[in-house]
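Trainee: My structure is stored as query.tsv, with TSV, C-alpha atoms.
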```tsv
chain	number	residue	atom	x	y	z
A	1	MET	CA	27.16	-8.04	-6.09
A	2	ASP	CA	27.71	-10.28	-3.07
A	3	MET	CA	27.72	-13.73	-4.70
A	4	ASN	CA	27.59	-15.53	-1.38
A	5	ARG	CA	24.52	-13.66	-0.13
A	6	TYR	CA	22.48	-14.73	-3.16
A	7	SER	CA	24.20	-18.04	-3.89
A	8	ARG	CA	21.18	-20.25	-3.16
A	9	GLN	CA	18.92	-18.05	-5.23
A	10	MET	CA	21.37	-18.11	-8.14
A	11	LEU	CA	21.51	-21.92	-7.97
A	12	PHE	CA	17.85	-21.83	-8.97
A	13	ALA	CA	18.35	-22.22	-12.74
A	14	PRO	CA	15.55	-19.88	-13.93
A	15	ILE	CA	17.26	-17.01	-12.08
A	16	GLY	CA	20.96	-17.84	-12.18
A	17	PRO	CA	23.69	-15.18	-12.17
A	18	SER	CA	22.17	-13.24	-15.07
A	19	GLY	CA	18.78	-13.04	-13.37
A	20	GLN	CA	20.43	-11.92	-10.14
A	21	GLU	CA	22.19	-9.13	-12.02
A	22	LYS	CA	18.81	-7.98	-13.35
A	23	LEU	CA	17.32	-8.04	-9.86
A	24	GLY	CA	20.20	-5.90	-8.61
A	25	GLN	CA	19.42	-3.27	-11.23
A	26	ALA	CA	15.64	-3.34	-10.74
A	27	ARG	CA	13.58	-0.56	-9.19
A	28	VAL	CA	10.33	-1.42	-7.42
A	29	ALA	CA	7.65	0.70	-5.75
A	30	ILE	CA	5.58	-0.87	-2.96
A	31	VAL	CA	2.31	0.95	-2.33
A	32	GLY	CA	1.17	0.31	1.24
A	33	LEU	CA	3.34	-1.07	4.05
A	34	GLY	CA	0.70	-2.99	5.97
A	35	ALA	CA	0.43	-6.75	6.04
A	36	LEU	CA	0.96	-7.55	2.34
A	37	GLY	CA	3.32	-4.62	1.80
A	38	THR	CA	5.72	-5.56	4.59
A	39	ALA	CA	5.83	-9.19	3.45
A	40	LEU	CA	6.52	-8.05	-0.10
A	41	ALA	CA	9.21	-5.59	1.00
A	42	ASN	CA	10.89	-8.33	3.03
A	43	HIS	CA	10.97	-10.68	0.04
A	44	MET	CA	12.24	-8.00	-2.37
A	45	ALA	CA	15.00	-6.83	0.00
A	46	ARG	CA	16.23	-10.34	0.70
A	47	ALA	CA	16.12	-11.24	-2.99
A	48	GLY	CA	18.45	-8.33	-3.79
A	49	VAL	CA	16.16	-5.96	-5.70
A	50	GLY	CA	18.36	-2.89	-6.16
A	51	MET	CA	15.94	-0.10	-5.20
A	52	LEU	CA	12.75	-0.18	-3.16
A	53	ARG	CA	10.46	2.83	-2.89
A	54	LEU	CA	8.24	2.42	0.18
A	55	ILE	CA	5.00	4.43	0.18
A	56	ASP	CA	2.61	4.47	3.14
A	57	ARG	CA	0.47	7.07	4.90
A	58	ASP	CA	0.00	5.27	8.22
A	59	PHE	CA	1.85	4.57	11.48
A	60	VAL	CA	2.38	1.38	13.47
A	61	GLU	CA	-0.12	0.34	16.15
A	62	GLU	CA	-0.22	-2.68	18.43
A	63	SER	CA	-3.03	-4.34	16.47
A	64	ASN	CA	-0.75	-4.41	13.41
A	65	LEU	CA	1.78	-6.75	15.03
A	66	GLN	CA	-0.38	-9.84	14.58
A	67	ARG	CA	0.27	-9.87	10.81
A	68	GLN	CA	2.61	-7.03	9.76
A	69	MET	CA	5.86	-8.89	10.08
A	70	LEU	CA	8.45	-6.10	9.78
A	71	PHE	CA	7.23	-4.25	12.86
A	72	ASP	CA	7.75	-4.73	16.60
A	73	GLU	CA	6.44	-3.38	19.90
A	74	ALA	CA	8.90	-0.49	19.93
A	75	ASP	CA	7.55	0.71	16.59
A	76	ALA	CA	4.01	0.69	18.00
A	77	GLN	CA	4.99	2.36	21.28
A	78	ASN	CA	6.76	5.15	19.38
A	79	PHE	CA	3.96	5.36	16.75
A	80	MET	CA	6.54	5.15	13.98
A	81	PRO	CA	5.39	5.77	10.41
A	82	LYS	CA	5.21	2.42	8.68
A	83	ALA	CA	7.37	3.51	5.76
A	84	VAL	CA	10.14	4.69	8.11
A	85	ALA	CA	9.95	1.62	10.36
A	86	ALA	CA	10.03	-0.66	7.32
A	87	GLU	CA	13.00	1.18	5.84
A	88	ARG	CA	14.98	0.78	9.08
A	89	LYS	CA	14.24	-2.95	9.29
A	90	LEU	CA	15.10	-3.53	5.64
A	91	ARG	CA	18.34	-1.58	5.92
A	92	ALA	CA	19.38	-3.90	8.76
A	93	ILE	CA	18.46	-6.90	6.58
A	94	ASN	CA	20.28	-5.74	3.45
A	95	SER	CA	22.46	-2.64	3.72
A	96	THR	CA	23.45	-2.78	0.03
A	97	LEU	CA	20.02	-1.72	-1.24
A	98	THR	CA	18.77	1.75	-2.10
A	99	LEU	CA	15.70	2.41	0.04
A	100	GLU	CA	13.30	5.36	-0.18
A	101	ALA	CA	10.65	5.91	2.50
A	102	HIS	CA	7.73	8.20	1.69
A	103	VAL	CA	5.35	8.93	4.56
A	104	THR	CA	2.43	10.12	2.48
A	105	ASP	CA	-0.89	9.20	0.94
A	106	LEU	CA	-0.72	8.15	-2.73
A	107	THR	CA	-3.18	10.43	-4.54
A	108	TRP	CA	-3.72	11.88	-8.00
A	109	LYS	CA	-1.61	14.84	-6.86
A	110	ASN	CA	1.60	12.88	-6.29
A	111	ALA	CA	1.21	9.57	-8.14
A	112	GLU	CA	3.13	10.70	-11.22
A	113	SER	CA	6.18	11.64	-9.15
A	114	LEU	CA	6.05	8.81	-6.59
A	115	LEU	CA	5.59	6.02	-9.13
A	116	SER	CA	7.89	7.30	-11.86
A	117	GLY	CA	11.20	5.66	-12.69
A	118	VAL	CA	10.34	2.14	-11.48
A	119	ASP	CA	10.17	-1.17	-13.31
A	120	LEU	CA	7.33	-2.64	-11.27
A	121	ILE	CA	4.65	-1.62	-8.77
A	122	LEU	CA	3.56	-3.99	-6.01
A	123	ASP	CA	0.15	-3.56	-4.42
A	124	GLY	CA	0.10	-3.66	-0.64
A	125	SER	CA	-2.75	-1.17	-0.31
A	126	ASP	CA	-6.02	-1.58	1.56
A	127	ASN	CA	-8.48	0.32	-0.64
A	128	PHE	CA	-9.72	0.26	-4.21
A	129	GLN	CA	-9.29	3.98	-4.88
A	130	VAL	CA	-5.51	3.55	-4.61
A	131	ARG	CA	-5.56	0.41	-6.76
A	132	TYR	CA	-7.47	2.15	-9.56
A	133	LEU	CA	-5.04	5.05	-9.31
A	134	VAL	CA	-2.10	2.64	-9.66
A	135	ASN	CA	-3.88	0.99	-12.57
A	136	ASP	CA	-4.23	4.34	-14.38
A	137	PHE	CA	-0.53	5.12	-13.89
A	138	SER	CA	0.44	1.59	-14.96
A	139	VAL	CA	-1.47	1.74	-18.23
A	140	LYS	CA	-0.50	5.33	-19.02
A	141	HIS	CA	3.22	4.69	-18.57
A	142	GLY	CA	3.47	0.99	-19.46
A	143	VAL	CA	4.65	-0.10	-16.01
A	144	PRO	CA	3.44	-3.55	-14.85
A	145	TRP	CA	1.87	-3.98	-11.44
A	146	ILE	CA	0.81	-6.92	-9.31
A	147	TYR	CA	-2.53	-6.71	-7.54
A	148	GLY	CA	-3.02	-8.42	-4.20
A	149	GLY	CA	-5.67	-8.38	-1.51
A	150	ALA	CA	-6.48	-10.42	1.59
A	151	VAL	CA	-9.18	-10.41	4.25
A	152	SER	CA	-10.45	-13.06	6.66
A	153	ALA	CA	-8.72	-16.25	5.41
A	154	ARG	CA	-9.19	-15.41	1.72
A	155	GLY	CA	-7.03	-13.63	-0.79
A	156	MET	CA	-6.38	-13.04	-4.46
A	157	SER	CA	-3.58	-11.92	-6.74
A	158	TYR	CA	-3.24	-10.98	-10.39
A	159	THR	CA	-0.38	-9.76	-12.56
A	160	ILE	CA	-1.24	-6.83	-14.85
A	161	ARG	CA	0.94	-6.03	-17.86
A	162	PRO	CA	-0.22	-3.02	-19.88
A	163	GLY	CA	-0.97	-3.89	-23.48
A	164	VAL	CA	-0.76	-7.63	-22.77
A	165	THR	CA	-3.29	-8.53	-20.08
A	166	PRO	CA	-6.64	-7.05	-19.10
A	167	CYS	CA	-6.20	-4.13	-16.73
A	168	LEU	CA	-8.04	-3.81	-13.44
A	169	ARG	CA	-10.86	-1.82	-15.04
A	170	CYS	CA	-11.35	-4.45	-17.74
A	171	LEU	CA	-12.14	-6.90	-14.96
A	172	PHE	CA	-13.89	-4.51	-12.55
A	173	PRO	CA	-15.03	-1.38	-14.42
A	174	ASP	CA	-15.87	0.52	-11.25
A	175	ALA	CA	-14.65	0.46	-7.67
A	176	PRO	CA	-17.12	-1.14	-5.26
A	177	ALA	CA	-19.27	1.29	-3.35
A	178	PRO	CA	-18.08	2.10	0.19
A	179	GLY	CA	-19.47	-0.33	2.72
A	180	THR	CA	-20.20	-3.10	0.21
A	181	THR	CA	-17.03	-5.16	0.62
A	182	GLU	CA	-15.54	-6.93	3.60
A	183	THR	CA	-12.61	-5.30	5.36
A	184	CYS	CA	-10.27	-6.27	8.16
A	185	ASP	CA	-12.60	-4.28	10.44
A	186	THR	CA	-15.67	-6.32	9.56
A	187	ALA	CA	-14.29	-9.79	8.80
A	188	GLY	CA	-10.88	-9.84	10.50
A	189	VAL	CA	-7.79	-11.40	8.96
A	190	ILE	CA	-5.37	-14.19	9.85
A	191	GLY	CA	-1.64	-13.90	9.27
A	192	PRO	CA	-1.08	-16.99	7.08
A	193	ILE	CA	-3.28	-15.75	4.20
A	194	ILE	CA	-1.09	-12.66	4.02
A	195	HIS	CA	2.00	-14.73	3.35
A	196	VAL	CA	0.32	-16.99	0.82
A	197	ILE	CA	-0.84	-14.03	-1.28
A	198	ALA	CA	2.45	-12.16	-0.83
A	199	ALA	CA	4.30	-15.29	-1.95
A	200	TYR	CA	2.35	-15.35	-5.22
A	201	GLN	CA	2.94	-11.63	-5.74
A	202	ALA	CA	6.64	-11.83	-4.91
A	203	THR	CA	7.21	-14.82	-7.18
A	204	GLU	CA	5.52	-13.02	-10.07
A	205	ALA	CA	7.73	-10.03	-9.30
A	206	LEU	CA	10.88	-12.14	-9.55
A	207	LYS	CA	9.72	-13.55	-12.90
A	208	LEU	CA	9.03	-10.10	-14.31
A	209	LEU	CA	12.24	-8.54	-13.05
A	210	CYS	CA	14.35	-11.45	-14.31
A	211	GLY	CA	12.69	-11.29	-17.73
A	212	ALA	CA	11.02	-14.71	-17.43
A	213	GLU	CA	7.73	-13.57	-18.93
A	214	GLU	CA	6.98	-17.02	-20.32
A	215	ALA	CA	6.63	-18.29	-16.75
A	216	LEU	CA	4.16	-15.59	-15.62
A	217	GLU	CA	0.76	-16.58	-14.28
A	218	THR	CA	-1.91	-15.27	-16.65
A	219	ARG	CA	-4.80	-16.26	-14.39
A	220	MET	CA	-6.29	-14.56	-11.36
A	221	ARG	CA	-5.71	-16.65	-8.26
A	222	HIS	CA	-8.22	-16.97	-5.39
A	223	ILE	CA	-7.29	-18.77	-2.17
A	224	ASP	CA	-9.42	-19.65	0.87
A	225	LEU	CA	-7.05	-21.18	3.40
A	226	TRP	CA	-9.64	-21.95	6.05
A	227	HIS	CA	-11.90	-23.92	3.72
A	228	ASN	CA	-9.04	-25.46	1.71
A	229	GLN	CA	-10.16	-23.96	-1.58
A	230	ALA	CA	-8.10	-22.58	-4.45
A	231	GLN	CA	-9.09	-21.33	-7.88
A	232	ALA	CA	-7.16	-19.99	-10.86
A	233	LEU	CA	-9.51	-18.08	-13.13
A	234	GLN	CA	-8.59	-17.51	-16.76
A	235	VAL	CA	-9.38	-13.85	-17.42
A	236	SER	CA	-7.48	-13.16	-20.65
A	237	ALA	CA	-10.69	-13.05	-22.67
A	238	GLN	CA	-11.97	-10.22	-20.48
A	239	LYS	CA	-9.65	-7.67	-22.07
A	240	ASN	CA	-12.22	-5.02	-22.95
A	241	ASP	CA	-11.90	-3.00	-26.15
A	242	GLN	CA	-14.23	-0.44	-24.55
A	243	CYS	CA	-12.32	-0.21	-21.28
A	244	PRO	CA	-12.20	3.43	-20.20
A	245	CYS	CA	-8.59	2.99	-19.05
A	246	CYS	CA	-6.60	0.73	-21.36
A	247	ALA	CA	-8.75	1.16	-24.50
A	248	LYS	CA	-10.00	4.75	-24.28
A	249	ARG	CA	-7.05	5.95	-22.19
A	250	GLN	CA	-9.17	7.99	-19.80
A	251	TRP	CA	-7.37	8.57	-16.53
A	252	ASP	CA	-10.41	8.88	-14.27
A	253	TYR	CA	-8.38	8.26	-11.10
A	254	LEU	CA	-5.05	9.80	-12.11
A	255	ASP	CA	-6.78	12.94	-13.42
A	256	PRO	CA	-10.20	12.94	-11.72
A	257	ALA	CA	-12.92	15.37	-12.74
A	258	GLU	CA	-13.67	15.94	-9.05
A	259	LYS	CA	-10.44	16.96	-7.40
A	260	GLU	CA	-11.69	17.70	-3.91
A	261	ALA	CA	-10.10	15.86	-0.97
A	262	GLN	CA	-11.71	12.55	-0.13
A	263	GLU	CA	-12.38	10.98	3.21
A	264	ILE	CA	-11.13	7.40	3.52
A	265	SER	CA	-12.26	4.85	6.09
A	266	MET	CA	-9.21	2.71	6.78
A	267	CYS	CA	-9.08	-1.08	6.72
A	268	GLY	CA	-8.60	-2.77	10.05
A	269	ARG	CA	-8.96	0.49	11.96
A	270	GLN	CA	-11.68	2.54	13.60
A	271	SER	CA	-10.23	5.49	11.71
A	272	VAL	CA	-11.07	8.00	9.01
A	273	GLN	CA	-8.44	9.90	7.06
A	274	ILE	CA	-9.13	13.54	6.23
A	275	SER	CA	-6.87	15.45	3.84
A	276	LEU	CA	-6.61	19.23	4.09
A	277	GLY	CA	-5.10	19.42	0.61
A	278	GLN	CA	-1.73	20.83	-0.36
A	279	VAL	CA	-0.79	22.43	2.94
A	280	LYS	CA	2.16	22.20	5.30
A	281	LEU	CA	1.25	22.02	8.97
A	282	ASP	CA	3.49	23.37	11.71
A	283	LEU	CA	3.17	20.52	14.19
A	284	ASP	CA	5.06	22.31	16.96
A	285	SER	CA	2.69	25.29	16.88
A	286	LEU	CA	-0.28	22.99	16.60
A	287	ALA	CA	0.87	20.95	19.58
A	288	GLU	CA	1.14	24.09	21.67
A	289	ARG	CA	-2.30	25.25	20.61
A	290	LEU	CA	-3.94	21.89	21.36
A	291	ARG	CA	-2.14	21.16	24.60
A	292	HIS	CA	-5.15	22.27	26.63
A	293	VAL	CA	-7.46	19.93	24.68
A	294	GLY	CA	-5.87	16.70	25.84
A	295	GLU	CA	-2.67	14.69	26.06
A	296	THR	CA	-0.35	15.36	23.14
A	297	GLU	CA	2.47	13.18	21.83
A	298	ARG	CA	5.01	14.32	19.25
A	299	ASN	CA	7.72	12.59	17.26
A	300	PRO	CA	9.59	13.86	14.17
A	301	PHE	CA	6.89	12.55	11.87
A	302	MET	CA	3.53	13.29	13.45
A	303	LEU	CA	1.49	14.72	16.33
A	304	ARG	CA	-1.16	12.80	18.28
A	305	VAL	CA	-3.82	14.51	20.37
A	306	GLN	CA	-6.31	12.71	22.61
A	307	ILE	CA	-9.40	14.89	22.33
A	308	ASP	CA	-11.77	12.77	24.45
A	309	GLU	CA	-12.02	9.23	25.84
A	310	GLN	CA	-12.91	7.77	22.43
A	311	HIS	CA	-11.34	9.99	19.79
A	312	ARG	CA	-7.77	10.89	18.94
A	313	LEU	CA	-6.25	12.92	16.12
A	314	ALA	CA	-3.04	11.83	14.39
A	315	VAL	CA	-1.76	14.82	12.43
A	316	PHE	CA	0.90	14.65	9.71
A	317	PRO	CA	2.81	17.66	8.36
A	318	ASP	CA	1.52	17.08	4.79
A	319	GLY	CA	-2.03	17.98	5.82
A	320	ARG	CA	-3.35	14.47	6.51
A	321	ILE	CA	-5.25	13.79	9.69
A	322	LEU	CA	-6.35	10.40	10.97
A	323	VAL	CA	-9.40	10.64	13.20
A	324	GLN	CA	-9.24	7.53	15.37
A	325	GLY	CA	-12.16	6.01	17.21
A	326	THR	CA	-14.80	6.35	14.49
A	327	THR	CA	-15.70	5.28	10.96
A	328	ASP	CA	-18.26	8.08	10.63
A	329	THR	CA	-16.80	10.47	8.06
A	330	ALA	CA	-19.19	13.28	8.97
A	331	LEU	CA	-18.14	13.10	12.63
A	332	ALA	CA	-14.48	12.92	11.60
A	333	LYS	CA	-14.82	16.07	9.48
A	334	ASN	CA	-16.56	17.86	12.33
A	335	LEU	CA	-13.78	16.98	14.78
A	336	VAL	CA	-11.09	18.16	12.36
A	337	ALA	CA	-12.97	21.37	11.69
A	338	LYS	CA	-13.40	21.98	15.43
A	339	TYR	CA	-9.83	21.33	16.53
A	340	ILE	CA	-7.70	21.93	13.43
A	341	GLY	CA	-9.85	24.07	11.15
A	342	PHE	CA	-10.19	23.79	7.38
```
Here is a file; write its structure as structure tokens.
Mentor:
Amino acid sequence: MDMNRYSRQMLFAPIGPSGQEKLGQARVAIVGLGALGTALANHMARAGVGMLRLIDRDFVEESNLQRQMLFDEADAQNFMPKAVAAERKLRAINSTLTLEAHVTDLTWKNAESLLSGVDLILDGSDNFQVRYLVNDFSVKHGVPWIYGGAVSARGMSYTIRPGVTPCLRCLFPDAPAPGTTETCDTAGVIGPIIHVIAAYQATEALKLLCGAEEALETRMRHIDLWHNQAQALQVSAQKNDQCPCCAKRQWDYLDPAEKEAQEISMCGRQSVQISLGQVKLDLDSLAERLRHVGETERNPFMLRVQIDEQHRLAVFPDGRILVQGTTDTALAKNLVAKYIGF
């Protein structure tokens, strides 16, 4: 371990040399490399966490640069996958770390493999389906995770320890219905709230990884930066002995009864994600076939096709397709069926 690199952190008595050693041996998965995820990855890499597994399905666009601090204009111009762009930036920040980039959607099909073998999961996602999936994995395997979310100038965070604290489904038994919660698309978001929430999440991560469980925050924190409001809600009493997840051990998201592909409207984007299931797409052949449809762009990770003035397809080799220019899932499915086929 490079003592000089982490000298100021080790001077902080609750961490010290022994805590730094624990950080160097820790393994952390970050789900989502958008605004919160990139801030969290930056903190974890600079703090010396030994292994970071970076999981994200998306690619960098210009509108991300306002708040997603690991990315730059070149990443957007080259439509780099966020996980790959983040890995490259983090490797330049701290070359001693083990970094894994996974350009994929976290689903019930791959969650067991992508989240296995880590000490902690950090939430940088933008939808509740993924969070409930992480919660199922966390409870099933006894891996703690730290929830975080931010929109507009508001945000919240909460540390979940299986068997100790209420899980996400104790607090919110069911995911909110689509269209009933604010998103970056509908309410916008300012950069500072991202870093406030990420700071709470990252600090809780350091406590957990250093073994300082006595210092952990047991409350759920709510912050509204614009209106100068902050709350810390005591939720320990909400641990539910009838919770379908942590009490009854039903894995409704990790092992769903309905296993068909889902359409996902993406936060902060006029985009819908369509999954074709467990297929491998030949992007070179597809690019040749769609060349007459409109302008095509190809990099090693994805293919983009402009199909009309408003709509564009971003196609990944794992069978995921982002239909850009709409939030109408029926229209998105029709466009994919017309140009890709499924």
Trainee: Region 221-227 of chain A: which residues within 8 Å, counting only C-alpha atoms, same-chain residues fewer than 6 positions away excluded, as an MDAnalysis selection string?
Mentor: chainID A and resid 153:158 193 233
Trainee: With all atoms listed in the file as the basis for distance, which of A:Gly48, A:Pro166, A:Gly117, A:Gly19 is at the shortest distance from Ser95 (chain A)?
Mentor: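 Of A:Gly48, A:Pro166, A:Gly117, A:Gly19, the one nearest Ser95 (chain A) is A:Gly48, counting all atoms listed in the file.
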Trainee: Give me the residues within 10 Å of Val279 (chain A) as number ranges by chain, counting all atoms listed in the file and dropping any in the same chain fewer than 2 places off.
Mentor: A: 275-277, 281-282, 317-320
Trainee: Counting only C-alpha atoms, which of A:His141, A:Val323, A:Leu54, A:Arg219 gets nearest to Gln231 (chain A)?
Mentor: A:Arg219
Trainee: Kindly indicate which residue among A:Phe172, A:Lys338, A:Cys210, A:Val139 lies nearest to Gln250 (chain A), using only C-alpha atoms for the distances.
Mentor: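 Among the listed residues, A:Val139 lies closest to Gln250 (chain A).
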Trainee: Go through A:Ala314, A:Leu90, A:Gly24, A:Thr96 and flag the residue nearest Val60 (chain A), using all atoms listed in the file for the distances.
Mentor: A:Ala314
Trainee: Can you tell me which residues surround Asp328 (chain A) at a distance of at most 9 Å, considering all atoms listed in the file, apart from same-chain residues fewer than 2 positions away, and format the answer as a PDB file with C-alpha atoms, in the frame of the given file?
Mentor:
```
ATOM      1  CA  SER A 265     -12.260   4.850   6.090  1.00  0.00           C
ATOM      2  CA  SER A 271     -10.230   5.490  11.710  1.00  0.00           C
ATOM      3  CA  VAL A 272     -11.070   8.000   9.010  1.00  0.00           C
ATOM      4  CA  THR A 326     -14.800   6.350  14.490  1.00  0.00           C
ATOM      5  CA  ALA A 330     -19.190  13.280   8.970  1.00  0.00           C
ATOM      6  CA  LEU A 331     -18.140  13.100  12.630  1.00  0.00           C
ATOM      7  CA  ALA A 332     -14.480  12.920  11.600  1.00  0.00           C
ATOM      8  CA  LYS A 333     -14.820  16.070   9.480  1.00  0.00           C
TER       9      LYS A 333
END
```
Trainee: To one decimal in Å, tell me the separation between CA of Lys280 (chain A) and CA of Pro300 (chain A).
Mentor: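 Going from CA of Lys280 (chain A) over to CA of Pro300 (chain A) covers 14.3 Å.
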Trainee: Name all residues at most 9 Å from Val164 (chain A) (count only C-alpha atoms; drop same-chain ones fewer than 4 positions away) and give them as an MDAnalysis selection string.
Mentor: chainID A and resid 160 236 239
Trainee: Write the selection just made, keeping C-alpha atoms, as an mmCIF file, in the frame of the given file?
Mentor:
```cif
data_model
loop_
_atom_site.group_PDB
_atom_site.id
_atom_site.type_symbol
_atom_site.label_atom_id
_atom_site.label_comp_id
_atom_site.auth_asym_id
_atom_site.auth_seq_id
_atom_site.Cartn_x
_atom_site.Cartn_y
_atom_site.Cartn_z
ATOM 1 C CA ILE A 160 -1.240 -6.830 -14.850
ATOM 2 C CA SER A 236 -7.480 -13.160 -20.650
ATOM 3 C CA LYS A 239 -9.650 -7.670 -22.070
#
```
Trainee: Taking into account all atoms listed in the file, which residue in the set A:Ala257, A:Met51, A:Cys246, A:Val336 is nearest to Leu120 (chain A)?
Mentor: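 Answer, going by the shortest atom-to-atom distance: A:Met51.
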Trainee: A:Asn240, A:Gln201, A:Asn334, A:Thr159: which is nearest Ser138 (chain A), counting only C-alpha atoms?
Mentor: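 Using only C-alpha atoms, Ser138 (chain A) sits closest to A:Thr159.
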Trainee: Could you work out how far CA of Ala150 (chain A) lies from CA of Ile197 (chain A), giving the answer in Å with one decimal?
Mentor: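 So the answer is 7.3 Å.
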Trainee: Here's a test: counting all atoms listed in the file, identify every protein, DNA and RNA residue with an atom at most 12 Å from (-6.5, 23.6, 21.0) in the file's coordinate frame, and state them as a VMD selection string.
Mentor: chain A and resid 285 to 296 305 to 307 313 335 to 341
Trainee: Which polymer residues have any atom within 10 Å of an atom of Arg249 (chain A), counting only C-alpha atoms, with same-chain residues fewer than 3 positions away left out, as a PyMOL selection string?
Mentor: chain A and resi 136+139-140+242-246+252
Trainee: Rounded to one decimal place, report the CA of Leu206 (chain A)-CA of Ala175 (chain A) distance in Å.
Mentor: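 Those two atoms sit 28.5 Å apart.
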Trainee: Go ahead and find all residues with at least one atom no further than 8 Å from (11.4, -3.2, -1.0) in the file's coordinates, using only C-alpha atoms; report them as a PyMOL selection string.
Mentor: chain A and resi 28-30+40-45+49+51-54+90+99
Trainee: Selected residues, C-alpha atoms, written as a PDB file, keeping the file's coordinate frame, please.
Mentor:
```pdb
ATOM      1  CA  VAL A  28      10.330  -1.420  -7.420  1.00  0.00           C
ATOM      2  CA  ALA A  29       7.650   0.700  -5.750  1.00  0.00           C
ATOM      3  CA  ILE A  30       5.580  -0.870  -2.960  1.00  0.00           C
ATOM      4  CA  LEU A  40       6.520  -8.050  -0.100  1.00  0.00           C
ATOM      5  CA  ALA A  41       9.210  -5.590   1.000  1.00  0.00           C
ATOM      6  CA  ASN A  42      10.890  -8.330   3.030  1.00  0.00           C
ATOM      7  CA  HIS A  43      10.970 -10.680   0.040  1.00  0.00           C
ATOM      8  CA  MET A  44      12.240  -8.000  -2.370  1.00  0.00           C
ATOM      9  CA  ALA A  45      15.000  -6.830   0.000  1.00  0.00           C
ATOM     10  CA  VAL A  49      16.160  -5.960  -5.700  1.00  0.00           C
ATOM     11  CA  MET A  51      15.940  -0.100  -5.200  1.00  0.00           C
ATOM     12  CA  LEU A  52      12.750  -0.180  -3.160  1.00  0.00           C
ATOM     13  CA  ARG A  53      10.460   2.830  -2.890  1.00  0.00           C
ATOM     14  CA  LEU A  54       8.240   2.420   0.180  1.00  0.00           C
ATOM     15  CA  LEU A  90      15.100  -3.530   5.640  1.00  0.00           C
ATOM     16  CA  LEU A  99      15.700   2.410   0.040  1.00  0.00           C
TER      17      LEU A  99
END
```
Trainee: Kindly output region 92-102 of chain A as a short mmCIF file (atom, residue, chain, number, x, y, z; two decimals), keeping the file's coordinate frame, after building N, CA, C and O atoms.
Mentor:
```
data_model
loop_
_atom_site.label_atom_id
_atom_site.label_comp_id
_atom_site.auth_asym_id
_atom_site.auth_seq_id
_atom_site.Cartn_x
_atom_site.Cartn_y
_atom_site.Cartn_z
N ALA A 92 18.64 -2.96 7.91
CA ALA A 92 19.38 -3.90 8.76
C ALA A 92 19.46 -5.27 8.11
O ALA A 92 20.41 -6.02 8.34
N ILE A 93 18.47 -5.61 7.28
CA ILE A 93 18.46 -6.90 6.58
C ILE A 93 19.43 -6.90 5.41
O ILE A 93 20.17 -7.86 5.18
N ASN A 94 19.44 -5.80 4.64
CA ASN A 94 20.28 -5.74 3.45
C ASN A 94 20.76 -4.30 3.25
O ASN A 94 20.06 -3.47 2.65
N SER A 95 21.93 -4.01 3.74
CA SER A 95 22.46 -2.64 3.72
C SER A 95 22.92 -2.21 2.33
O SER A 95 23.24 -1.04 2.11
N THR A 96 22.96 -3.12 1.36
CA THR A 96 23.45 -2.78 0.03
C THR A 96 22.37 -2.16 -0.85
O THR A 96 22.67 -1.65 -1.93
N LEU A 97 21.12 -2.19 -0.40
CA LEU A 97 20.02 -1.72 -1.24
C LEU A 97 19.84 -0.21 -1.13
O LEU A 97 20.21 0.41 -0.13
N THR A 98 19.23 0.37 -2.16
CA THR A 98 18.77 1.75 -2.10
C THR A 98 17.33 1.72 -1.64
O THR A 98 16.48 1.07 -2.25
N LEU A 99 17.04 2.41 -0.54
CA LEU A 99 15.70 2.41 0.04
C LEU A 99 15.19 3.84 0.15
O LEU A 99 15.92 4.73 0.60
N GLU A 100 13.95 4.06 -0.28
CA GLU A 100 13.30 5.36 -0.18
C GLU A 100 12.03 5.19 0.63
O GLU A 100 11.18 4.38 0.28
N ALA A 101 11.87 5.94 1.70
CA ALA A 101 10.65 5.91 2.50
C ALA A 101 9.86 7.19 2.28
O ALA A 101 10.41 8.29 2.44
N HIS A 102 8.60 7.06 1.92
CA HIS A 102 7.73 8.20 1.69
C HIS A 102 6.51 8.08 2.60
O HIS A 102 5.66 7.21 2.40
#
```
